[in-house]
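Structure data (compact mmCIF, C-alpha atoms) from model-v3.txt:
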```txt
# COMPACT_ATOMS: atom_id res chain seq x y z
CA MET K 2 47.97 83.66 -46.08
CA TYR K 3 45.83 82.01 -48.69
CA LEU K 4 42.17 81.55 -47.97
CA ALA K 5 41.58 78.16 -46.40
CA SER K 6 38.36 76.35 -47.15
CA SER K 7 36.74 73.86 -44.79
CA VAL K 8 38.35 70.96 -46.56
CA ALA K 9 37.99 68.31 -43.88
CA ALA K 10 34.23 68.80 -43.76
CA ALA K 11 34.01 68.49 -47.54
CA LEU K 12 35.99 65.25 -47.83
CA ALA K 13 34.04 62.17 -48.86
CA VAL K 14 35.60 60.25 -45.95
CA GLU K 15 36.66 61.14 -42.42
CA PRO K 16 40.44 61.60 -42.08
CA ILE K 17 42.27 59.13 -39.85
CA ALA K 18 44.30 62.07 -38.59
CA ASP K 19 43.79 65.81 -39.10
CA VAL K 20 46.43 67.77 -37.20
CA PRO K 21 47.93 71.26 -37.48
CA PHE K 22 51.49 71.80 -38.57
CA ARG K 23 53.90 74.66 -38.08
CA TYR K 24 55.43 76.15 -41.20
CA GLU K 25 58.76 77.56 -40.08
CA LYS K 26 61.16 78.92 -42.71
CA ASN K 27 59.57 76.81 -45.47
CA THR K 28 59.73 73.72 -43.27
CA VAL K 29 56.70 71.55 -42.37
CA LEU K 30 56.81 70.59 -38.69
CA VAL K 31 54.12 68.44 -37.09
CA GLU K 32 53.87 68.14 -33.32
CA HIS K 33 52.30 65.45 -31.13
CA VAL K 34 54.08 62.55 -32.83
CA ARG K 35 54.18 59.46 -30.60
CA ILE K 36 56.99 56.92 -30.65
CA ASN K 37 56.10 53.55 -29.08
CA GLY K 38 53.10 55.28 -27.53
CA LYS K 39 55.22 58.00 -25.93
CA GLY K 40 55.52 61.68 -26.84
CA ASP K 41 54.81 64.36 -27.85
CA TYR K 42 57.62 64.85 -30.35
CA THR K 43 58.08 67.32 -33.21
CA PHE K 44 58.92 65.80 -36.58
CA LEU K 45 59.67 67.24 -39.99
CA VAL K 46 57.22 65.96 -42.65
CA ASP K 47 59.36 64.75 -45.53
CA THR K 48 57.88 63.01 -48.57
CA GLY K 49 61.42 62.78 -49.97
CA SER K 50 62.75 60.65 -47.14
CA THR K 51 62.48 56.91 -47.62
CA ALA K 52 63.19 56.30 -43.94
CA CYS K 53 61.89 57.82 -40.76
CA THR K 54 64.57 59.13 -38.41
CA VAL K 55 64.92 59.95 -34.73
CA THR K 56 67.71 61.84 -33.02
CA THR K 57 70.20 60.09 -30.75
CA GLU K 58 68.65 61.88 -27.76
CA VAL K 59 65.18 60.48 -28.53
CA ALA K 60 66.58 56.99 -29.17
CA ASP K 61 68.39 57.07 -25.81
CA GLU K 62 65.42 58.58 -23.96
CA LEU K 63 63.12 55.81 -25.21
CA GLY K 64 65.75 53.09 -24.88
CA LEU K 65 65.35 52.07 -28.52
CA PRO K 66 67.36 48.96 -29.37
CA ARG K 67 69.87 49.35 -32.20
CA ASP K 68 69.24 46.91 -35.04
CA GLY K 69 72.18 46.98 -37.42
CA TRP K 70 73.26 49.58 -39.95
CA SER K 71 71.93 51.03 -43.18
CA ASP K 72 73.72 52.74 -46.06
CA VAL K 73 71.97 56.00 -46.94
CA SER K 74 72.64 58.95 -49.21
CA ALA K 75 71.54 62.56 -49.20
CA ILE K 76 72.79 65.76 -50.76
CA GLY K 77 76.56 65.64 -50.75
CA ALA K 78 77.02 62.71 -48.37
CA THR K 79 76.84 58.93 -48.19
CA ARG K 80 77.30 57.14 -44.89
CA LYS K 81 76.10 54.35 -42.62
CA LEU K 82 73.43 55.07 -40.01
CA ARG K 83 72.26 52.94 -37.13
CA VAL K 84 68.82 51.37 -37.48
CA ALA K 85 66.55 51.91 -34.48
CA LYS K 86 64.06 49.18 -33.62
CA VAL K 87 60.86 51.21 -33.30
CA GLN K 88 57.61 49.41 -32.46
CA SER K 89 55.28 52.16 -33.72
CA ILE K 90 54.97 55.75 -34.88
CA ALA K 91 51.58 57.45 -34.56
CA ILE K 92 49.81 60.75 -35.23
CA GLY K 93 46.22 60.93 -34.09
CA ASN K 94 44.61 57.63 -35.11
CA ALA K 95 47.21 57.00 -37.84
CA ARG K 96 49.63 54.36 -36.55
CA VAL K 97 52.34 52.36 -38.32
CA SER K 98 54.00 49.33 -36.78
CA MET K 99 57.72 48.65 -37.23
CA PRO K 100 58.51 51.46 -39.73
CA LEU K 101 62.08 51.65 -41.02
CA THR K 102 63.66 54.17 -38.64
CA LEU K 103 67.25 55.42 -38.58
CA ILE K 104 69.14 57.36 -35.95
CA ALA K 105 70.24 60.69 -37.44
CA ASP K 106 70.79 64.00 -35.68
CA ASP K 107 69.28 67.12 -37.21
CA ASN K 108 72.61 68.70 -38.23
CA GLY K 109 71.50 72.24 -37.39
CA LEU K 110 67.83 72.02 -38.39
CA SER K 111 66.53 72.72 -34.86
CA LYS K 112 68.65 75.85 -34.61
CA HIS K 113 67.55 76.97 -38.07
CA VAL K 114 63.80 76.69 -37.40
CA GLY K 115 64.04 77.85 -33.79
CA THR K 116 62.47 74.80 -32.14
CA PRO K 117 63.69 71.28 -31.27
CA VAL K 118 63.11 68.79 -34.09
CA HIS K 119 63.15 65.20 -32.87
CA GLY K 120 63.05 63.36 -36.17
CA VAL K 121 61.83 63.02 -39.73
CA LEU K 122 58.48 61.55 -40.74
CA GLY K 123 59.32 59.80 -44.01
CA THR K 124 57.60 57.56 -46.51
CA PRO K 125 57.52 54.37 -44.36
CA PHE K 126 54.88 56.26 -42.39
CA LEU K 127 53.41 58.62 -44.98
CA TRP K 128 52.88 56.23 -47.88
CA ARG K 129 50.65 53.84 -45.89
CA TRP K 130 47.64 56.03 -46.79
CA PRO K 131 46.72 58.94 -49.03
CA VAL K 132 48.31 62.00 -47.40
CA GLN K 133 47.23 65.62 -47.69
CA VAL K 134 49.55 68.52 -46.86
CA ASP K 135 47.23 71.53 -46.75
CA TYR K 136 49.64 74.46 -46.79
CA PRO K 137 47.00 77.26 -46.75
CA ALA K 138 45.21 75.73 -43.74
CA ARG K 139 48.44 74.44 -42.15
CA ARG K 140 46.94 70.97 -41.69
CA LEU K 141 48.32 67.49 -42.25
CA ARG K 142 45.60 64.96 -43.05
CA ILE K 143 46.00 61.20 -43.21
CA LEU K 144 43.12 59.77 -45.24
CA PRO K 145 41.75 56.21 -45.17
CA ARG K 146 42.90 53.81 -47.85
CA GLU K 147 39.50 53.81 -49.56
CA TYR K 148 39.82 57.53 -50.34
CA ASP K 149 40.32 57.70 -54.11
CA LEU K 150 41.48 60.95 -55.71
CA ARG K 151 40.25 59.73 -59.08
CA THR K 152 36.63 59.85 -57.93
CA GLU K 153 36.85 63.20 -56.11
CA PRO K 154 35.52 66.21 -58.07
CA ILE K 155 37.80 69.16 -58.83
CA GLU K 156 36.13 72.49 -58.16
CA SER K 157 38.89 75.08 -58.29
CA PRO K 158 40.10 76.27 -61.72
CA TRP K 159 43.65 76.15 -60.34
CA SER K 160 43.66 72.46 -59.50
CA SER K 161 44.90 69.40 -61.29
CA VAL K 162 45.68 65.70 -60.91
CA GLY K 163 48.85 64.11 -62.20
CA PRO K 164 50.63 60.73 -62.24
CA LEU K 165 53.41 59.68 -59.88
CA ALA K 166 56.44 57.61 -60.75
CA MET K 167 57.67 55.64 -57.74
CA LYS K 168 61.43 55.05 -57.50
CA LYS K 169 62.99 53.49 -54.40
CA ARG K 170 59.87 54.41 -52.40
CA ALA K 171 60.15 58.09 -53.41
CA ALA K 172 57.53 59.85 -55.57
CA TYR K 173 58.49 61.67 -58.78
CA VAL K 174 56.50 64.06 -60.95
CA LYS K 175 57.11 65.62 -64.36
CA VAL K 176 58.16 69.27 -64.10
CA ALA K 177 58.91 71.82 -66.85
CA MET K 178 60.90 74.93 -65.93
CA ASN K 179 60.91 78.13 -67.99
CA GLY K 180 59.31 76.29 -70.89
CA ALA K 181 62.05 73.64 -71.14
CA LEU K 182 61.18 69.99 -71.67
CA PRO K 183 59.77 68.33 -68.53
CA HIS K 184 61.86 65.93 -66.48
CA ASP K 185 61.37 63.88 -63.31
CA MET K 186 61.66 65.66 -59.96
CA MET K 187 61.17 64.18 -56.52
CA LEU K 188 58.06 65.45 -54.72
CA ASP K 189 59.79 66.58 -51.53
CA THR K 190 58.14 68.39 -48.61
CA GLY K 191 61.47 68.07 -46.79
CA ALA K 192 63.17 70.58 -49.07
CA THR K 193 62.50 74.28 -48.52
CA GLY K 194 62.95 75.10 -52.20
CA ILE K 195 63.52 73.50 -55.55
CA VAL K 196 66.75 71.50 -55.49
CA LEU K 197 68.19 71.61 -58.98
CA SER K 198 71.34 70.31 -60.59
CA GLU K 199 73.40 73.01 -62.25
CA ASP K 200 73.02 71.30 -65.63
CA HIS K 201 69.21 71.41 -65.40
CA ALA K 202 69.31 75.02 -64.21
CA ARG K 203 71.40 75.96 -67.25
CA GLU K 204 69.11 74.03 -69.59
CA ALA K 205 66.13 75.95 -68.22
CA LYS K 206 67.98 79.29 -68.58
CA ALA K 207 67.44 79.97 -64.88
CA LYS K 208 68.55 83.39 -63.64
CA THR K 209 71.36 83.51 -61.09
CA ALA K 210 70.32 84.83 -57.67
CA HIS K 211 73.21 86.04 -55.55
CA PHE K 212 72.16 84.89 -52.08
CA GLN K 213 74.77 84.53 -49.38
CA SER K 214 73.47 81.32 -47.97
CA SER K 215 74.02 77.65 -47.39
CA SER K 216 72.07 74.42 -47.27
CA ILE K 217 71.53 72.04 -44.37
CA GLY K 218 71.51 68.36 -45.22
CA ALA K 219 70.33 65.36 -43.25
CA PHE K 220 73.98 64.65 -42.56
CA GLY K 221 77.29 65.99 -43.73
CA PRO K 222 78.60 69.55 -43.53
CA ARG K 223 76.69 72.74 -44.23
CA ARG K 224 77.22 73.63 -47.90
CA GLU K 225 77.27 76.86 -49.79
CA SER K 226 74.51 77.02 -52.40
CA GLN K 227 74.16 78.41 -55.89
CA TYR K 228 70.75 80.08 -56.11
CA TRP K 229 68.48 80.45 -59.11
CA ARG K 230 65.27 82.25 -60.02
CA LEU K 231 62.75 80.49 -62.26
CA ASP K 232 60.13 82.55 -64.09
CA THR K 233 57.79 79.58 -64.45
CA VAL K 234 57.55 76.06 -63.06
CA ARG K 235 54.86 73.91 -64.64
CA VAL K 236 53.58 70.75 -62.96
CA ALA K 237 50.37 68.79 -63.58
CA GLY K 238 49.20 71.48 -66.01
CA LEU K 239 49.58 74.29 -63.42
CA THR K 240 52.06 77.15 -63.63
CA ILE K 241 53.91 78.49 -60.61
CA GLU K 242 55.53 81.88 -61.13
CA ASN K 243 58.70 83.33 -59.66
CA ALA K 244 60.05 80.23 -57.91
CA GLN K 245 63.34 79.83 -56.10
CA ALA K 246 65.81 76.98 -56.67
CA PHE K 247 69.23 76.12 -55.33
CA THR K 248 72.17 73.84 -56.09
CA PRO K 249 74.23 72.80 -53.05
CA GLN K 250 77.96 73.06 -53.77
CA GLN K 251 79.27 70.50 -54.37
CA LEU K 252 76.22 68.46 -55.19
CA GLY K 253 78.14 65.25 -54.57
CA ASP K 254 76.48 61.89 -55.25
CA TRP K 255 72.95 63.28 -55.21
CA GLN K 256 71.20 62.51 -58.48
CA SER K 257 67.60 63.70 -58.01
CA ASP K 258 66.15 67.16 -58.56
CA GLN K 259 63.50 67.97 -55.95
CA LEU K 260 60.24 69.93 -56.10
CA GLY K 261 60.20 71.47 -52.64
CA ASN K 262 58.06 73.73 -50.50
CA ASP K 263 58.83 77.00 -52.26
CA ALA K 264 56.81 75.67 -55.21
CA LEU K 265 54.31 73.56 -53.24
CA ASP K 266 53.29 75.90 -50.43
CA GLN K 267 50.59 77.75 -52.35
CA PHE K 268 48.69 74.49 -52.81
CA ARG K 269 46.86 71.78 -50.98
CA LEU K 270 48.90 68.72 -51.94
CA THR K 271 47.39 65.24 -51.80
CA VAL K 272 49.57 62.23 -52.57
CA ASP K 273 48.37 58.66 -53.02
CA ALA K 274 51.51 56.57 -53.50
CA SER K 275 49.64 53.26 -53.75
CA ARG K 276 47.53 54.48 -56.70
CA ARG K 277 50.43 56.46 -58.25
CA ILE K 278 48.52 59.74 -58.33
CA PHE K 279 48.72 63.21 -56.79
CA ARG K 280 46.68 66.40 -56.78
CA LEU K 281 47.52 70.07 -56.44
CA GLU K 282 44.67 72.39 -55.44
CA ARG K 283 44.96 76.13 -55.11
CA ASP K 284 42.12 77.61 -53.06
CA GLN K 285 39.75 79.89 -54.88
CA MET K 286 42.18 82.77 -55.53
CA ALA K 287 41.70 82.49 -59.29
CA GLU K 288 37.97 82.81 -58.81
CA TYR K 289 38.23 85.77 -56.44
CA PHE K 290 40.58 87.67 -58.74
CA GLU K 291 38.86 86.47 -61.92
CA ASN K 292 42.16 85.31 -63.39
CA SER K 293 43.45 88.90 -63.66
CA PRO K 294 47.28 88.84 -63.64
CA TRP K 295 47.51 92.25 -61.93
CA GLY K 296 45.73 94.81 -59.79
CA ALA K 297 45.65 96.42 -56.35
CA GLY K 298 45.46 93.02 -54.66
CA VAL K 299 41.89 93.18 -53.37
CA SER K 300 38.72 91.49 -54.56
CA VAL K 301 35.31 93.07 -53.87
CA ARG K 302 31.72 91.88 -53.96
CA ARG K 303 28.35 93.54 -53.40
CA ASP K 304 26.15 92.16 -50.65
CA VAL K 305 23.04 93.41 -48.82
CA ASP K 306 25.14 95.84 -46.76
CA GLY K 307 27.08 97.33 -49.69
CA ILE K 308 30.52 96.58 -51.14
CA ARG K 309 32.87 94.39 -49.13
CA ILE K 310 36.38 93.00 -49.46
CA VAL K 311 36.17 89.24 -50.03
CA ALA K 312 39.89 88.51 -50.49
CA THR K 313 43.32 90.12 -50.43
CA TRP K 314 46.21 88.77 -52.45
CA PRO K 315 48.54 86.78 -50.13
CA GLY K 316 51.70 88.74 -49.43
CA GLY K 317 50.42 91.76 -51.35
CA GLU K 318 50.49 95.43 -50.43
CA ALA K 319 46.82 95.57 -49.43
CA ALA K 320 47.23 92.74 -46.93
CA ALA K 321 50.43 94.32 -45.59
CA LYS K 322 48.56 97.60 -44.99
CA GLY K 323 45.85 95.92 -42.95
CA ILE K 324 43.08 95.54 -45.54
CA ALA K 325 41.20 92.35 -44.74
CA SER K 326 38.33 90.19 -45.90
CA GLY K 327 35.05 91.58 -44.55
CA ASP K 328 36.06 95.25 -44.60
CA ALA K 329 33.34 97.51 -46.00
CA VAL K 330 34.46 99.56 -49.03
CA VAL K 331 33.56 103.26 -48.72
CA MET K 332 35.46 104.97 -51.56
CA VAL K 333 37.63 103.90 -54.49
CA ASN K 334 39.57 106.92 -55.73
CA ASP K 335 36.94 109.69 -55.69
CA GLN K 336 33.98 107.40 -56.29
CA ASP K 337 31.41 106.54 -53.64
CA ALA K 338 31.42 102.73 -53.62
CA GLY K 339 27.76 102.56 -52.60
CA HIS K 340 26.70 104.43 -55.72
CA THR K 341 29.08 102.87 -58.25
CA GLU K 342 28.52 99.81 -60.39
CA ILE K 343 30.45 96.84 -59.07
CA GLU K 344 32.11 96.21 -62.44
CA SER K 345 33.38 99.81 -62.52
CA LEU K 346 34.90 99.33 -59.07
CA LYS K 347 36.58 96.12 -60.19
CA ASP K 348 38.02 97.92 -63.21
CA LEU K 349 39.52 100.58 -60.93
CA LEU K 350 41.03 97.90 -58.70
CA ASN K 351 42.43 95.80 -61.57
CA GLN K 352 44.47 98.36 -63.49
CA PRO K 353 47.82 97.28 -64.96
CA PRO K 354 51.08 97.98 -63.09
CA GLY K 355 51.94 101.68 -62.96
CA TYR K 356 48.55 102.80 -61.64
CA THR K 357 47.78 103.79 -58.04
CA VAL K 358 44.36 103.55 -56.41
CA SER K 359 43.09 105.17 -53.21
CA LEU K 360 40.95 102.75 -51.20
CA SER K 361 38.88 103.80 -48.18
CA VAL K 362 37.33 101.09 -46.03
CA ARG K 363 35.56 100.64 -42.72
CA THR K 364 37.15 97.79 -40.77
CA GLY K 365 35.34 95.17 -38.74
CA ASP K 366 35.36 97.36 -35.63
CA GLY K 367 34.00 100.34 -37.59
CA SER K 368 37.29 102.21 -37.82
CA PRO K 369 37.97 104.12 -41.06
CA ARG K 370 41.11 103.44 -43.04
CA THR K 371 42.42 104.91 -46.30
CA VAL K 372 45.40 103.44 -48.11
CA LEU K 373 47.16 104.04 -51.41
CA LEU K 374 47.73 100.81 -53.34
CA ARG K 375 50.00 100.37 -56.32
CA SER K 376 48.81 98.03 -59.02
CA GLN K 377 51.17 95.06 -59.30
CA ARG K 378 51.42 91.70 -60.95
CA TYR K 379 49.99 88.90 -58.83
CA THR K 380 53.21 87.09 -58.06
CA ARG K 381 54.66 85.87 -54.82
CA LYS K 382 57.28 87.98 -53.06
CA ARG K 383 60.72 86.48 -52.63
CA PRO K 384 63.24 87.21 -49.87
CA THR K 385 66.53 88.92 -50.61
CA ASP K 386 68.30 86.39 -48.47
CA SER K 387 67.46 82.81 -47.62
CA ILE K 388 68.61 79.67 -45.87
CA ALA K 389 67.90 76.47 -47.77
CA THR K 390 67.13 73.26 -45.98
CA SER K 391 67.00 69.75 -47.34
CA VAL K 392 66.86 66.77 -45.02
CA SER K 393 65.92 64.06 -47.48
CA VAL K 394 67.17 60.57 -46.79
CA VAL K 395 67.23 58.12 -49.69
CA GLN K 396 67.84 54.41 -49.41
CA PRO K 397 69.93 53.03 -52.26
CA LYS K 398 69.25 49.53 -53.51
```

Will you turn the file into structure tokens for me?
Amino acid sequence: MYLASSVAAALAVEPIADVPFRYEKNTVLVEHVRINGKGDYTFLVDTGSTACTVTTEVADELGLPRDGWSDVSAIGATRKLRVAKVQSIAIGNARVSMPLTLIADDNGLSKHVGTPVHGVLGTPFLWRWPVQVDYPARRLRILPREYDLRTEPIESPWSSVGPLAMKKRAAYVKVAMNGALPHDMMLDTGATGIVLSEDHAREAKAKTAHFQSSSIGAFGPRRESQYWRLDTVRVAGLTIENAQAFTPQQLGDWQSDQLGNDALDQFRLTVDASRRIFRLERDQMAEYFENSPWGAGVSVRRDVDGIRIVATWPGGEAAAKGIASGDAVVMVNDQDAGHTEIESLKDLLNQPPGYTVSLSVRTGDGSPRTVLLRSQRYTRKRPTDSIATSVSVVQPK
């Protein structure tokens, strides 16, 4: 996991709500949602959904009156859904009265993530305030309306602010893939990966990835998916390497590409729909690894007690072998860490791919550990098989 800073304490204003979320199979699930003052319910957080939804079971349990029908569209399907008359939806002290809420069952989402999902938290709730999805810390923060991203300083070198285009209550950002010209993509925390039309995938020269998988939509049948690998995805001046995209087959009437969690989950994402602005912040990994594109996946620093590990690369070999922040470094290859210049140690740990380094540490409980680490590029690992999920609901005009 990425290092998580104490963001809430550093904010210029106190969040209205600051709650943990579960990140299951690239899906953001927040618990303790209250409907008409009752709960707790588990909802999927979906910035691509222009309606909130509840399942039929929740609607019946709460006795929600039905209030007409609404035409909606999602990947591969267009249909009418019943409108539920909901008095309020709340998380913590964040409460919205009379949000647009539809009755839609999860179509296999609960089974996929392994826990009951009672609905979708869409933009009628989320866009009332600036919203922060802090993936590294696994926190959802609802910020007061006076919070202004434009006046907040940027400290991390891997952070940036960009403009939003609002279309039918959904937020769009400019994205360039594999160096191709940028185009609009929906900012969608309800999609596990990047949802891409086949035409745009071909234009970007995306590599075919042969996953045996399928996608789950908000409604309609499960669909087989064409998978792609993208070397680079560039958004708001930041580059994301080795991203995964998919095209549900057939794509149907869906017109919007989506920037989903596979690209977003290394960042702290803050969206202010009212001011048409968003920010991506990557915690201080660039600083810890001094912008080196490769190495053994550990960062070291000298303190009063000697040399210590201050960070391990998320998903890297060092982290997988139990090396952790705070471990005391004893030896690097055949060199005594206590009697070696710190820059020399960093050079040994930041060799290009093809090199192997022996690292001996003393863990927090004093136990010795020696591991062999291969130098690798700092890039996120990808699964060999995947299930894609997209539960976006979009209201046509």

Given all atoms listed in the file as the counted atoms, nearest of K:Pro66, K:Gly238, K:Pro353, K:Pro16 to Trp130 (chain K): K:Pro16

d(CA of Phe44 (chain K), CA of Asp19 (chain K)) in Å: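 A separation of 15.3 Å between them.
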
Edge lengths and centre in Å to one decimal, as AutoDock Vina command-line options, is what I'm after for the box along x, y and z that holds all listed atoms of region 232-248 of chain K once 8 Å is added on each side.
```
--center_x 60.7 --center_y 76.1 --center_z -60.7 --size_x 39.0 --size_y 30.5 --size_z 26.7
```

Residues within 8 Å of (63.2, 75.8, -67.5), counting all atoms listed in the file, listed as number ranges by chain: K: 177-182, 201-202, 204-207, 231, 233-234

Would you put the residues from that selection into a file with C-alpha atoms, as a PDB file, in the frame of the given file?
```pdb
ATOM      1  CA  ALA K 177      58.910  71.820 -66.850  1.00  0.00           C
ATOM      2  CA  MET K 178      60.900  74.930 -65.930  1.00  0.00           C
ATOM      3  CA  ASN K 179      60.910  78.130 -67.990  1.00  0.00           C
ATOM      4  CA  GLY K 180      59.310  76.290 -70.890  1.00  0.00           C
ATOM      5  CA  ALA K 181      62.050  73.640 -71.140  1.00  0.00           C
ATOM      6  CA  LEU K 182      61.180  69.990 -71.670  1.00  0.00           C
ATOM      7  CA  HIS K 201      69.210  71.410 -65.400  1.00  0.00           C
ATOM      8  CA  ALA K 202      69.310  75.020 -64.210  1.00  0.00           C
ATOM      9  CA  GLU K 204      69.110  74.030 -69.590  1.00  0.00           C
ATOM     10  CA  ALA K 205      66.130  75.950 -68.220  1.00  0.00           C
ATOM     11  CA  LYS K 206      67.980  79.290 -68.580  1.00  0.00           C
ATOM     12  CA  ALA K 207      67.440  79.970 -64.880  1.00  0.00           C
ATOM     13  CA  LEU K 231      62.750  80.490 -62.260  1.00  0.00           C
ATOM     14  CA  THR K 233      57.790  79.580 -64.450  1.00  0.00           C
ATOM     15  CA  VAL K 234      57.550  76.060 -63.060  1.00  0.00           C
TER      16      VAL K 234
END
```

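Residue nearest Ala166 (chain K) within the list K:Glu147, K:Asp366, K:Asp304, K:Asp273: K:Asp273 [criterion: smallest interatomic distance, only C-alpha atoms].
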
CA of Val333 (chain K) to CA of Leu346 (chain K), straight-line distance in Å: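 So the two atoms, CA of Leu346 (chain K) and CA of Val333 (chain K), lie 7.0 Å apart.
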
Within 12 Å of file point (33.8, 104.6, -57.2), counting all atoms listed in the file, expressed as a ChimeraX atom specification: /K:308,330-350,358-361

One-decimal distance in Å that lies between CA of His113 (chain K) and CA of Arg142 (chain K):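 Between CA of Arg142 (chain K) and CA of His113 (chain K) the gap works out to 25.5 Å.
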
Given all atoms listed in the file as the counted atoms, nearest of K:Val114, K:Ile92, K:Ile278, K:Ala171 to Leu188 (chain K):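 Nearest to Leu188 (chain K): K:Ala171.
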
Contacts of Ala297 (chain K) at 12 Å (all atoms listed in the file; same-chain gap of 2+ positions) as a PyMOL selection string: chain K and resi 290+293-295+299-301+312-322+324+333+346-360+372-379

At most 8 Å is the cut-off: for each residue in region 80-195 of chain K with any atom that close to an atom of region 47-53 of chain K, write down the nearest atom pair and the distance in Å rounded to one decimal, counting all atoms listed in the file, chain first then increasing number, as a Markdown table.
```
| residue | atom | partner | partner_atom | distance |
| --- | --- | --- | --- | --- |
| K:Pro100 | CA | K:Cys53 | CA | 7.3 |
| K:Leu101 | CA | K:Ala52 | CA | 5.6 |
| K:Thr102 | CA | K:Cys53 | CA | 4.6 |
| K:Leu103 | CA | K:Cys53 | CA | 6.3 |
| K:Gly120 | CA | K:Cys53 | CA | 7.3 |
| K:Val121 | CA | K:Cys53 | CA | 5.3 |
| K:Leu122 | CA | K:Cys53 | CA | 5.1 |
| K:Gly123 | CA | K:Cys53 | CA | 4.6 |
| K:Thr124 | CA | K:Thr51 | CA | 5.0 |
| K:Pro125 | CA | K:Ala52 | CA | 6.0 |
| K:Phe126 | CA | K:Cys53 | CA | 7.4 |
| K:Leu127 | CA | K:Thr48 | CA | 7.2 |
| K:Lys169 | CA | K:Thr51 | CA | 7.6 |
| K:Arg170 | CA | K:Thr51 | CA | 6.0 |
| K:Ala171 | CA | K:Gly49 | CA | 6.0 |
| K:Ala172 | CA | K:Gly49 | CA | 7.4 |
| K:Met187 | CA | K:Gly49 | CA | 6.7 |
| K:Leu188 | CA | K:Gly49 | CA | 6.4 |
| K:Asp189 | CA | K:Gly49 | CA | 4.4 |
| K:Thr190 | CA | K:Asp47 | CA | 4.9 |
| K:Gly191 | CA | K:Asp47 | CA | 4.1 |
| K:Ala192 | CA | K:Asp47 | CA | 7.8 |
```

Residue among K:Ala274, K:Val20, K:Val236, K:Ala85 lying closest to Val162 (chain K), counting all atoms listed in the file: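 Of the candidates, the smallest distance to Val162 (chain K) is held by K:Val236.
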
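With distances restricted to all atoms listed in the file, K:Leu141 is the closest residue to Glu32 (chain K) from K:Gln88, K:Thr54, K:Leu141, K:Leu65.
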
Exercise: Val118 (chain K) partners within 12 Å, all atoms listed in the file, chain neighbours under 4 positions left out, as a ChimeraX atom specification: /K:23,25,28-34,41-46,54-59,105-114,122,392

Neighbour list for Asn94 (chain K) as an NGL selection string, cut-off 8 Å, all atoms listed in the file, skip fewer than 2 positions in-chain: :K and (17-18 or 91-92 or 96)

Take the selection from the previous step and output its residues with C-alpha atoms, as an mmCIF file, in the frame of the given file.
```
data_model
loop_
_atom_site.group_PDB
_atom_site.id
_atom_site.type_symbol
_atom_site.label_atom_id
_atom_site.label_comp_id
_atom_site.auth_asym_id
_atom_site.auth_seq_id
_atom_site.Cartn_x
_atom_site.Cartn_y
_atom_site.Cartn_z
ATOM 1 C CA ILE K 17 42.270 59.130 -39.850
ATOM 2 C CA ALA K 18 44.300 62.070 -38.590
ATOM 3 C CA ALA K 91 51.580 57.450 -34.560
ATOM 4 C CA ILE K 92 49.810 60.750 -35.230
ATOM 5 C CA ARG K 96 49.630 54.360 -36.550
#
```

Nearest to Thr116 (chain K) by atom-to-atom distance, counting all atoms listed in the file, from K:Tyr24, K:Phe247, K:Tyr136, K:Tyr148: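 So, comparing all the options, the nearest one is K:Tyr24.
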